[in-house]
$ cat my_file.txt   # compact mmCIF, C-alpha atoms and all ligand atoms
# COMPACT_ATOMS: atom_id res chain seq x y z
CA MET A 1340 14.33 -5.92 6.54
CA SER A 1341 12.35 -2.74 7.11
CA VAL A 1342 9.70 -2.79 9.82
CA LEU A 1343 7.04 -2.80 7.10
CA ASP A 1344 8.74 -5.77 5.41
CA VAL A 1345 8.64 -7.71 8.69
CA ILE A 1346 5.00 -6.76 9.24
CA ARG A 1347 4.20 -8.01 5.73
CA LYS A 1348 6.19 -11.20 6.27
CA ARG A 1349 4.52 -12.19 9.56
CA LYS A 1350 1.68 -14.67 9.23
CA SER A 1351 0.09 -17.05 11.70
CA VAL A 1352 2.05 -20.31 11.57
CA ARG A 1353 0.17 -23.49 12.45
CA LYS A 1354 2.82 -26.12 11.57
CA TYR A 1355 6.25 -26.18 13.22
CA LYS A 1356 9.56 -27.98 12.94
CA SER A 1357 10.94 -29.30 16.22
CA ASP A 1358 14.34 -27.64 15.56
CA PRO A 1359 15.63 -25.86 18.68
CA ILE A 1360 15.84 -22.07 18.82
CA PRO A 1361 19.38 -20.78 19.46
CA GLU A 1362 19.69 -18.89 22.75
CA ASP A 1363 20.88 -15.66 21.09
CA VAL A 1364 17.85 -15.70 18.78
CA LEU A 1365 15.49 -16.31 21.69
CA SER A 1366 17.06 -13.53 23.73
CA ARG A 1367 16.51 -11.00 20.90
CA VAL A 1368 12.88 -12.08 20.62
CA LEU A 1369 12.38 -11.60 24.37
CA GLU A 1370 14.29 -8.31 24.32
CA ALA A 1371 11.75 -6.97 21.81
CA ALA A 1372 8.98 -7.65 24.34
CA ARG A 1373 10.99 -6.08 27.15
CA LEU A 1374 11.40 -2.84 25.19
CA ALA A 1375 7.69 -2.42 24.46
CA PRO A 1376 5.93 0.75 25.59
CA SER A 1377 3.27 0.61 28.29
CA ALA A 1378 0.97 3.08 29.99
CA LYS A 1379 3.01 5.13 32.47
CA ASN A 1380 5.87 2.71 31.67
CA LEU A 1381 4.49 0.37 34.31
CA GLN A 1382 5.35 -2.77 32.30
CA PRO A 1383 2.59 -4.85 33.90
CA TRP A 1384 3.64 -8.16 32.37
CA LYS A 1385 5.49 -11.41 32.63
CA PHE A 1386 6.23 -13.93 29.86
CA ILE A 1387 6.47 -17.61 30.70
CA ILE A 1388 8.75 -19.57 28.37
CA VAL A 1389 7.50 -23.15 28.27
CA ARG A 1390 9.89 -25.79 26.96
CA ASP A 1391 8.76 -28.82 28.94
CA LYS A 1392 7.01 -31.29 26.61
CA LYS A 1393 4.51 -32.48 29.21
CA ILE A 1394 3.50 -28.92 30.10
CA LYS A 1395 3.15 -28.06 26.39
CA ARG A 1396 0.78 -31.01 25.94
CA GLN A 1397 -1.26 -29.81 28.91
CA LEU A 1398 -1.42 -26.35 27.36
CA VAL A 1399 -2.79 -27.84 24.13
CA LYS A 1400 -5.75 -29.17 26.12
CA ALA A 1401 -6.25 -25.78 27.76
CA CYS A 1402 -6.21 -24.19 24.30
CA LEU A 1403 -9.19 -26.07 22.90
CA ASN A 1404 -6.96 -28.86 21.55
CA GLN A 1405 -5.02 -26.70 19.10
CA ARG A 1406 -2.41 -29.41 18.68
CA PHE A 1407 0.07 -27.44 16.59
CA ILE A 1408 0.93 -25.41 19.69
CA ALA A 1409 2.97 -28.31 21.12
CA GLU A 1410 4.85 -28.91 17.85
CA ALA A 1411 6.96 -25.80 18.48
CA PRO A 1412 10.00 -26.10 20.76
CA ILE A 1413 8.74 -23.19 22.86
CA VAL A 1414 5.35 -21.85 23.90
CA ILE A 1415 5.25 -18.32 25.28
CA VAL A 1416 2.47 -17.39 27.68
CA ALA A 1417 1.90 -13.66 28.10
CA CYS A 1418 0.55 -12.60 31.50
CA GLY A 1419 -0.71 -9.23 32.73
CA PHE A 1420 -0.88 -7.54 36.12
CA PRO A 1421 -4.25 -5.78 36.66
CA ASP A 1422 -3.05 -4.40 40.01
CA GLU A 1423 0.09 -2.80 38.57
CA CYS A 1424 -1.20 -0.99 35.51
CA TYR A 1425 -2.68 2.41 34.60
CA ALA A 1426 -6.26 2.07 35.80
CA LYS A 1427 -8.07 4.90 33.98
CA GLN A 1428 -7.12 4.80 30.36
CA GLY A 1429 -9.60 6.94 28.42
CA ARG A 1430 -11.13 7.44 31.87
CA TYR A 1431 -12.78 4.06 31.58
CA MET A 1432 -10.39 1.13 31.31
CA LYS A 1433 -7.37 -0.63 32.73
CA SER A 1434 -4.34 -0.68 30.48
CA TRP A 1435 -2.98 -4.17 31.12
CA PRO A 1436 -4.54 -6.07 28.19
CA ILE A 1437 -3.30 -3.36 25.80
CA ASP A 1438 0.16 -3.18 27.39
CA VAL A 1439 0.62 -6.94 27.20
CA ALA A 1440 -0.75 -7.11 23.65
CA ILE A 1441 1.75 -4.48 22.47
CA ALA A 1442 4.66 -6.33 24.10
CA MET A 1443 3.47 -9.61 22.62
CA GLU A 1444 3.28 -8.07 19.14
CA HIS A 1445 6.81 -6.69 19.56
CA LEU A 1446 7.93 -10.23 20.37
CA ILE A 1447 6.00 -11.65 17.40
CA LEU A 1448 7.51 -9.18 14.94
CA GLN A 1449 11.07 -9.81 16.17
CA ALA A 1450 10.35 -13.54 15.81
CA ALA A 1451 9.34 -12.92 12.18
CA GLU A 1452 12.55 -10.95 11.63
CA GLU A 1453 14.48 -13.99 12.95
CA GLY A 1454 12.67 -16.37 10.57
CA LEU A 1455 10.60 -17.84 13.40
CA GLY A 1456 6.89 -18.54 13.30
CA THR A 1457 4.26 -17.58 15.85
CA CYS A 1458 0.49 -17.75 16.15
CA TRP A 1459 -1.44 -15.55 18.54
CA ILE A 1460 -3.56 -17.92 20.61
CA GLY A 1461 -6.62 -16.28 22.10
CA ALA A 1462 -8.78 -19.39 22.30
CA PHE A 1463 -7.82 -20.81 25.69
CA GLU A 1464 -9.39 -21.56 29.03
CA GLU A 1465 -7.69 -19.19 31.41
CA PRO A 1466 -8.37 -21.13 34.64
CA LYS A 1467 -6.76 -24.21 33.12
CA VAL A 1468 -3.71 -22.32 31.81
CA LYS A 1469 -3.26 -20.69 35.23
CA GLU A 1470 -3.48 -24.01 37.03
CA ILE A 1471 -0.98 -25.70 34.70
CA LEU A 1472 1.58 -22.91 35.09
CA ASP A 1473 0.99 -21.94 38.75
CA VAL A 1474 0.00 -18.41 37.75
CA PRO A 1475 -0.98 -16.37 40.86
CA LYS A 1476 -4.60 -15.38 41.42
CA ASN A 1477 -4.09 -11.66 40.73
CA VAL A 1478 -2.27 -12.29 37.43
CA ARG A 1479 -4.19 -12.74 34.16
CA VAL A 1480 -3.31 -14.67 31.04
CA VAL A 1481 -3.67 -12.52 27.92
CA ALA A 1482 -2.38 -14.73 25.12
CA LEU A 1483 -0.09 -17.57 24.16
CA THR A 1484 2.02 -18.23 21.12
CA PRO A 1485 4.03 -21.16 19.89
CA LEU A 1486 7.53 -20.10 18.86
CA GLY A 1487 9.48 -22.20 16.38
CA TYR A 1488 10.68 -22.57 12.83
CA PRO A 1489 7.76 -22.82 10.38
CA ALA A 1490 7.15 -26.16 8.68
CA HIS A 1491 5.01 -24.52 5.99
CA GLU A 1492 4.51 -21.18 4.30
CA PRO A 1493 1.11 -19.89 5.41
CA LYS A 1494 -1.12 -18.14 2.89
CA HIS A 1495 -1.74 -14.43 3.12
CA ARG A 1496 -5.06 -13.65 4.79
CA GLY A 1497 -6.79 -10.67 3.28
CA ARG A 1498 -7.23 -7.37 5.01
CA LYS A 1499 -9.76 -4.57 4.73
CA LYS A 1500 -8.87 -1.83 2.30
CA LEU A 1501 -7.23 1.28 3.73
CA GLU A 1502 -10.22 3.47 2.83
CA GLU A 1503 -12.47 1.20 4.93
CA ILE A 1504 -10.44 1.73 8.09
CA ILE A 1505 -9.20 5.32 7.81
CA SER A 1506 -11.02 8.63 8.02
CA TYR A 1507 -9.60 12.09 8.12
CA ASP A 1508 -10.36 14.85 10.60
CA LYS A 1509 -13.65 13.31 11.77
CA TYR A 1510 -15.04 9.78 12.21
C1 LIG A 1601 -6.76 -11.85 19.62
C2 LIG A 1601 -6.42 -12.95 18.66
C3 LIG A 1601 -6.77 -14.26 18.97
C4 LIG A 1601 -6.42 -15.30 18.09
N1 LIG A 1601 -6.66 -16.59 18.48
C5 LIG A 1601 -6.24 -17.61 17.67
C6 LIG A 1601 -6.35 -18.96 18.10
O1 LIG A 1601 -6.76 -19.27 19.22
N2 LIG A 1601 -5.94 -19.92 17.24
C7 LIG A 1601 -5.42 -19.65 16.01
O2 LIG A 1601 -5.06 -20.60 15.29
N3 LIG A 1601 -5.28 -18.37 15.58
C8 LIG A 1601 -5.66 -17.35 16.39
N4 LIG A 1601 -5.46 -16.05 16.00
C9 LIG A 1601 -4.81 -15.76 14.71
C10 LIG A 1601 -5.79 -15.12 13.69
O3 LIG A 1601 -6.69 -16.10 13.24
C11 LIG A 1601 -4.96 -14.54 12.53
O4 LIG A 1601 -4.09 -13.54 13.04
C12 LIG A 1601 -5.84 -13.91 11.46
O5 LIG A 1601 -6.64 -14.89 10.83
C13 LIG A 1601 -5.00 -13.23 10.36
O6 LIG A 1601 -4.08 -14.14 9.81
P1 LIG A 1601 -2.51 -13.87 9.85
O7 LIG A 1601 -2.10 -13.78 11.30
O8 LIG A 1601 -1.87 -15.05 9.15
O9 LIG A 1601 -2.26 -12.59 9.11
C14 LIG A 1601 -5.77 -15.01 16.86
C15 LIG A 1601 -5.41 -13.70 16.57
C16 LIG A 1601 -5.70 -12.69 17.47
C17 LIG A 1601 -5.23 -11.29 17.14

$ encode --input "my_file.txt" --output "structure tokens"
Amino acid sequence: MSVLDVIRKRKSVRKYKSDPIPEDVLSRVLEAARLAPSAKNLQPWKFIIVRDKKIKRQLVKACLNQRFIAEAPIVIVACGFPDECYAKQGRYMKSWPIDVAIAMEHLILQAAEEGLGTCWIGAFEEPKVKEILDVPKNVRVVALTPLGYPAHEPKHRGRKKLEEIISYDKY
């Protein structure tokens, strides 16, 4: 598949089969995250691969009871390091949320290429997620995603038209 084909194929999956993910497939998905670009190549991230059923159930509670998360055989929790990133992006912001988001999207697109489903989870209570997973104080949780084989074919969500989001030469 071309990159654009994979981008078109990816949709948020909210129903999963419990089928296990072969190790070689998982390692390619994780490799895609590892290869992501980051500001100054600082790679301020860590990805927690959660397989334990009890921990997955706890994560559901920390994610506003989005139960489908625990259906998947794996939940990936993307963490960022505010103390180890480029601190003055655009002269005003730290790069870690962007760095982690890019790596997570790499992972998500490779998952789509492999026929796996994901769903970016942004609705979560960070203190609870950190407590469940023993995440250190100076590390932040950016996002989670279930990772597993889809149990349904999600519908396409619409997008804005290109002319609404593009301008040329000036804003
Ligand atoms: C930052 C962010 C946070 C999101 N949080 C959630 C979430 O907590 N739960 C959920 O089911 N979907 C979540 N989504 C998925 C979006 O709802 C979804 O990407 C959007 O509706 C477009 O649909 P698609 O991914 O199928 O193209 C999130 C997506 C992003 C980018």

$ residues_near_ligand --input "my_file.txt" --ligand "ligand LIG 1601 (chain A)" --cutoff "6 Å" --atoms "all atoms listed in the file" --output "PyMOL selection string"
chain A and resi 1350-1351+1458-1462+1496

$ residues_around --input "my_file.txt" --residues "Gly1487 in chain A" --least-positions-apart "2" --cutoff "8 Å" --atoms "only C-alpha atoms" --output "CSV table (one decimal) with C-alpha atoms, in the frame of the given file"
chain,number,residue,atom,x,y,z
A,1355,TYR,CA,6.2,-26.2,13.2
A,1356,LYS,CA,9.6,-28.0,12.9
A,1357,SER,CA,10.9,-29.3,16.2
A,1358,ASP,CA,14.3,-27.6,15.6
A,1359,PRO,CA,15.6,-25.9,18.7
A,1360,ILE,CA,15.8,-22.1,18.8
A,1411,ALA,CA,7.0,-25.8,18.5
A,1412,PRO,CA,10.0,-26.1,20.8
A,1413,ILE,CA,8.7,-23.2,22.9
A,1455,LEU,CA,10.6,-17.8,13.4
A,1456,GLY,CA,6.9,-18.5,13.3
A,1457,THR,CA,4.3,-17.6,15.8
A,1485,PRO,CA,4.0,-21.2,19.9
A,1489,PRO,CA,7.8,-22.8,10.4

$ atom_distance --input "my_file.txt" --atom1 "CA of Asp1344 in chain A" --atom2 "CA of Ala1417 in chain A"
25.0 Å

$ atom_distance --input "my_file.txt" --atom1 "CA of Ile1505 in chain A" --atom2 "CA of Ala1375 in chain A"
24.9 Å

$ atom_distance --input "my_file.txt" --atom1 "CA of Ala1482 in chain A" --atom2 "CA of Ser1341 in chain A"
26.2 Å

$ residues_around --input "my_file.txt" --residues "Arg1396 in chain A" --least-positions-apart "3" --cutoff "9 Å" --atoms "all atoms listed in the file" --output "list in words"
Asp1391, Lys1392, Lys1393, Val1399, Lys1400, Ala1401, Arg1406, Ile1408 and Ala1409 of chain A

$ residues_around --input "my_file.txt" --residues "range 1433-1449 of chain A" --least-positions-apart "3" --cutoff "6 Å" --atoms "all atoms listed in the file" --output "PDB file with C-alpha atoms, in the coordinates of the input"
ATOM      1  CA  VAL A1368      12.880 -12.080  20.620  1.00  0.00           C
ATOM      2  CA  ALA A1371      11.750  -6.970  21.810  1.00  0.00           C
ATOM      3  CA  ALA A1372       8.980  -7.650  24.340  1.00  0.00           C
ATOM      4  CA  ALA A1375       7.690  -2.420  24.460  1.00  0.00           C
ATOM      5  CA  SER A1377       3.270   0.610  28.290  1.00  0.00           C
ATOM      6  CA  GLY A1419      -0.710  -9.230  32.730  1.00  0.00           C
ATOM      7  CA  PRO A1421      -4.250  -5.780  36.660  1.00  0.00           C
ATOM      8  CA  CYS A1424      -1.200  -0.990  35.510  1.00  0.00           C
ATOM      9  CA  TYR A1425      -2.680   2.410  34.600  1.00  0.00           C
ATOM     10  CA  ALA A1426      -6.260   2.070  35.800  1.00  0.00           C
ATOM     11  CA  LYS A1427      -8.070   4.900  33.980  1.00  0.00           C
ATOM     12  CA  GLN A1428      -7.120   4.800  30.360  1.00  0.00           C
ATOM     13  CA  GLU A1452      12.550 -10.950  11.630  1.00  0.00           C
TER      14      GLU A1452
END

$ axis_aligned_box --input "my_file.txt" --around "range 1349-1366 of chain A" --padding-each-side "4 Å" --output "AutoDock Vina command-line options"
--center_x 10.5 --center_y -20.7 --center_z 16.5 --size_x 28.8 --size_y 25.1 --size_z 22.5

$ build_atoms --input "my_file.txt" --residues "range 1343-1354 of chain A" --atoms "all heavy atoms" --output "PDB file, keeping the file's coordinate frame"
ATOM      1  N   LEU A1343       8.199  -2.456   7.925  1.00  0.00           N
ATOM      2  CA  LEU A1343       7.040  -2.800   7.100  1.00  0.00           C
ATOM      3  C   LEU A1343       7.225  -4.164   6.410  1.00  0.00           C
ATOM      4  O   LEU A1343       6.271  -4.942   6.281  1.00  0.00           O
ATOM      5  CB  LEU A1343       6.769  -1.696   6.076  1.00  0.00           C
ATOM      6  CG  LEU A1343       5.443  -1.797   5.313  1.00  0.00           C
ATOM      7  CD1 LEU A1343       4.241  -1.854   6.255  1.00  0.00           C
ATOM      8  CD2 LEU A1343       5.276  -0.623   4.350  1.00  0.00           C
ATOM      9  N   ASP A1344       8.456  -4.448   6.009  1.00  0.00           N
ATOM     10  CA  ASP A1344       8.740  -5.770   5.410  1.00  0.00           C
ATOM     11  C   ASP A1344       8.449  -6.889   6.418  1.00  0.00           C
ATOM     12  O   ASP A1344       7.875  -7.922   6.075  1.00  0.00           O
ATOM     13  CB  ASP A1344      10.207  -5.880   4.968  1.00  0.00           C
ATOM     14  CG  ASP A1344      10.500  -5.064   3.720  1.00  0.00           C
ATOM     15  OD1 ASP A1344       9.549  -4.718   2.998  1.00  0.00           O
ATOM     16  OD2 ASP A1344      11.691  -4.750   3.486  1.00  0.00           O
ATOM     17  N   VAL A1345       8.871  -6.678   7.654  1.00  0.00           N
ATOM     18  CA  VAL A1345       8.640  -7.710   8.690  1.00  0.00           C
ATOM     19  C   VAL A1345       7.144  -7.859   8.948  1.00  0.00           C
ATOM     20  O   VAL A1345       6.629  -8.975   9.070  1.00  0.00           O
ATOM     21  CB  VAL A1345       9.388  -7.347  10.003  1.00  0.00           C
ATOM     22  CG1 VAL A1345       9.091  -8.376  11.083  1.00  0.00           C
ATOM     23  CG2 VAL A1345      10.877  -7.258   9.768  1.00  0.00           C
ATOM     24  N   ILE A1346       6.457  -6.720   9.006  1.00  0.00           N
ATOM     25  CA  ILE A1346       5.000  -6.760   9.240  1.00  0.00           C
ATOM     26  C   ILE A1346       4.317  -7.528   8.106  1.00  0.00           C
ATOM     27  O   ILE A1346       3.410  -8.335   8.344  1.00  0.00           O
ATOM     28  CB  ILE A1346       4.441  -5.329   9.377  1.00  0.00           C
ATOM     29  CG1 ILE A1346       4.904  -4.726  10.704  1.00  0.00           C
ATOM     30  CG2 ILE A1346       2.915  -5.316   9.276  1.00  0.00           C
ATOM     31  CD1 ILE A1346       4.664  -3.233  10.844  1.00  0.00           C
ATOM     32  N   ARG A1347       4.785  -7.297   6.881  1.00  0.00           N
ATOM     33  CA  ARG A1347       4.200  -8.010   5.730  1.00  0.00           C
ATOM     34  C   ARG A1347       4.532  -9.491   5.767  1.00  0.00           C
ATOM     35  O   ARG A1347       3.733 -10.331   5.384  1.00  0.00           O
ATOM     36  CB  ARG A1347       4.712  -7.406   4.424  1.00  0.00           C
ATOM     37  CG  ARG A1347       4.076  -6.063   4.110  1.00  0.00           C
ATOM     38  CD  ARG A1347       4.181  -5.744   2.616  1.00  0.00           C
ATOM     39  NE  ARG A1347       3.467  -4.533   2.287  1.00  0.00           N
ATOM     40  CZ  ARG A1347       4.058  -3.372   1.980  1.00  0.00           C
ATOM     41  NH1 ARG A1347       5.369  -3.265   1.955  1.00  0.00           N
ATOM     42  NH2 ARG A1347       3.321  -2.312   1.685  1.00  0.00           N
ATOM     43  N   LYS A1348       5.730  -9.818   6.256  1.00  0.00           N
ATOM     44  CA  LYS A1348       6.190 -11.200   6.270  1.00  0.00           C
ATOM     45  C   LYS A1348       5.451 -12.042   7.325  1.00  0.00           C
ATOM     46  O   LYS A1348       5.202 -13.220   7.126  1.00  0.00           O
ATOM     47  CB  LYS A1348       7.700 -11.211   6.574  1.00  0.00           C
ATOM     48  CG  LYS A1348       8.336 -12.567   6.550  1.00  0.00           C
ATOM     49  CD  LYS A1348       9.815 -12.465   6.902  1.00  0.00           C
ATOM     50  CE  LYS A1348      10.345 -13.836   7.264  1.00  0.00           C
ATOM     51  NZ  LYS A1348      11.562 -13.803   8.020  1.00  0.00           N
ATOM     52  N   ARG A1349       5.125 -11.435   8.464  1.00  0.00           N
ATOM     53  CA  ARG A1349       4.520 -12.190   9.560  1.00  0.00           C
ATOM     54  C   ARG A1349       3.151 -12.752   9.192  1.00  0.00           C
ATOM     55  O   ARG A1349       2.306 -12.059   8.682  1.00  0.00           O
ATOM     56  CB  ARG A1349       4.354 -11.285  10.792  1.00  0.00           C
ATOM     57  CG  ARG A1349       3.860 -12.041  12.016  1.00  0.00           C
ATOM     58  CD  ARG A1349       2.822 -11.266  12.797  1.00  0.00           C
ATOM     59  NE  ARG A1349       1.692 -10.869  11.981  1.00  0.00           N
ATOM     60  CZ  ARG A1349       0.629 -11.650  11.723  1.00  0.00           C
ATOM     61  NH1 ARG A1349       0.551 -12.867  12.224  1.00  0.00           N
ATOM     62  NH2 ARG A1349      -0.363 -11.218  10.946  1.00  0.00           N
ATOM     63  N   LYS A1350       2.988 -14.021   9.415  1.00  0.00           N
ATOM     64  CA  LYS A1350       1.680 -14.670   9.230  1.00  0.00           C
ATOM     65  C   LYS A1350       1.527 -15.682  10.350  1.00  0.00           C
ATOM     66  O   LYS A1350       2.529 -16.151  10.899  1.00  0.00           O
ATOM     67  CB  LYS A1350       1.628 -15.394   7.892  1.00  0.00           C
ATOM     68  CG  LYS A1350       1.704 -14.479   6.695  1.00  0.00           C
ATOM     69  CD  LYS A1350       1.703 -15.318   5.415  1.00  0.00           C
ATOM     70  CE  LYS A1350       2.422 -14.588   4.310  1.00  0.00           C
ATOM     71  NZ  LYS A1350       3.794 -15.068   4.088  1.00  0.00           N
ATOM     72  N   SER A1351       0.307 -16.037  10.664  1.00  0.00           N
ATOM     73  CA  SER A1351       0.090 -17.050  11.700  1.00  0.00           C
ATOM     74  C   SER A1351       0.573 -18.402  11.190  1.00  0.00           C
ATOM     75  O   SER A1351       0.121 -18.870  10.146  1.00  0.00           O
ATOM     76  CB  SER A1351      -1.388 -17.135  12.062  1.00  0.00           C
ATOM     77  OG  SER A1351      -1.804 -15.926  12.652  1.00  0.00           O
ATOM     78  N   VAL A1352       1.475 -19.017  11.952  1.00  0.00           N
ATOM     79  CA  VAL A1352       2.050 -20.310  11.570  1.00  0.00           C
ATOM     80  C   VAL A1352       1.388 -21.401  12.405  1.00  0.00           C
ATOM     81  O   VAL A1352       1.357 -21.311  13.639  1.00  0.00           O
ATOM     82  CB  VAL A1352       3.580 -20.296  11.771  1.00  0.00           C
ATOM     83  CG1 VAL A1352       4.173 -21.686  11.584  1.00  0.00           C
ATOM     84  CG2 VAL A1352       4.224 -19.298  10.812  1.00  0.00           C
ATOM     85  N   ARG A1353       0.880 -22.421  11.732  1.00  0.00           N
ATOM     86  CA  ARG A1353       0.170 -23.490  12.450  1.00  0.00           C
ATOM     87  C   ARG A1353       0.786 -24.870  12.189  1.00  0.00           C
ATOM     88  O   ARG A1353       0.154 -25.889  12.449  1.00  0.00           O
ATOM     89  CB  ARG A1353      -1.321 -23.452  12.092  1.00  0.00           C
ATOM     90  CG  ARG A1353      -1.997 -22.157  12.539  1.00  0.00           C
ATOM     91  CD  ARG A1353      -3.492 -22.127  12.322  1.00  0.00           C
ATOM     92  NE  ARG A1353      -4.084 -20.878  12.803  1.00  0.00           N
ATOM     93  CZ  ARG A1353      -4.206 -19.769  12.076  1.00  0.00           C
ATOM     94  NH1 ARG A1353      -3.791 -19.747  10.817  1.00  0.00           N
ATOM     95  NH2 ARG A1353      -4.759 -18.682  12.590  1.00  0.00           N
ATOM     96  N   LYS A1354       2.031 -24.877  11.696  1.00  0.00           N
ATOM     97  CA  LYS A1354       2.820 -26.120  11.570  1.00  0.00           C
ATOM     98  C   LYS A1354       4.275 -25.777  11.855  1.00  0.00           C
ATOM     99  O   LYS A1354       4.817 -24.849  11.231  1.00  0.00           O
ATOM    100  CB  LYS A1354       2.750 -26.686  10.152  1.00  0.00           C
ATOM    101  CG  LYS A1354       1.538 -27.537   9.898  1.00  0.00           C
ATOM    102  CD  LYS A1354       1.573 -28.139   8.508  1.00  0.00           C
ATOM    103  CE  LYS A1354       0.219 -28.748   8.212  1.00  0.00           C
ATOM    104  NZ  LYS A1354      -0.025 -28.937   6.803  1.00  0.00           N
TER     105      LYS A1354
END
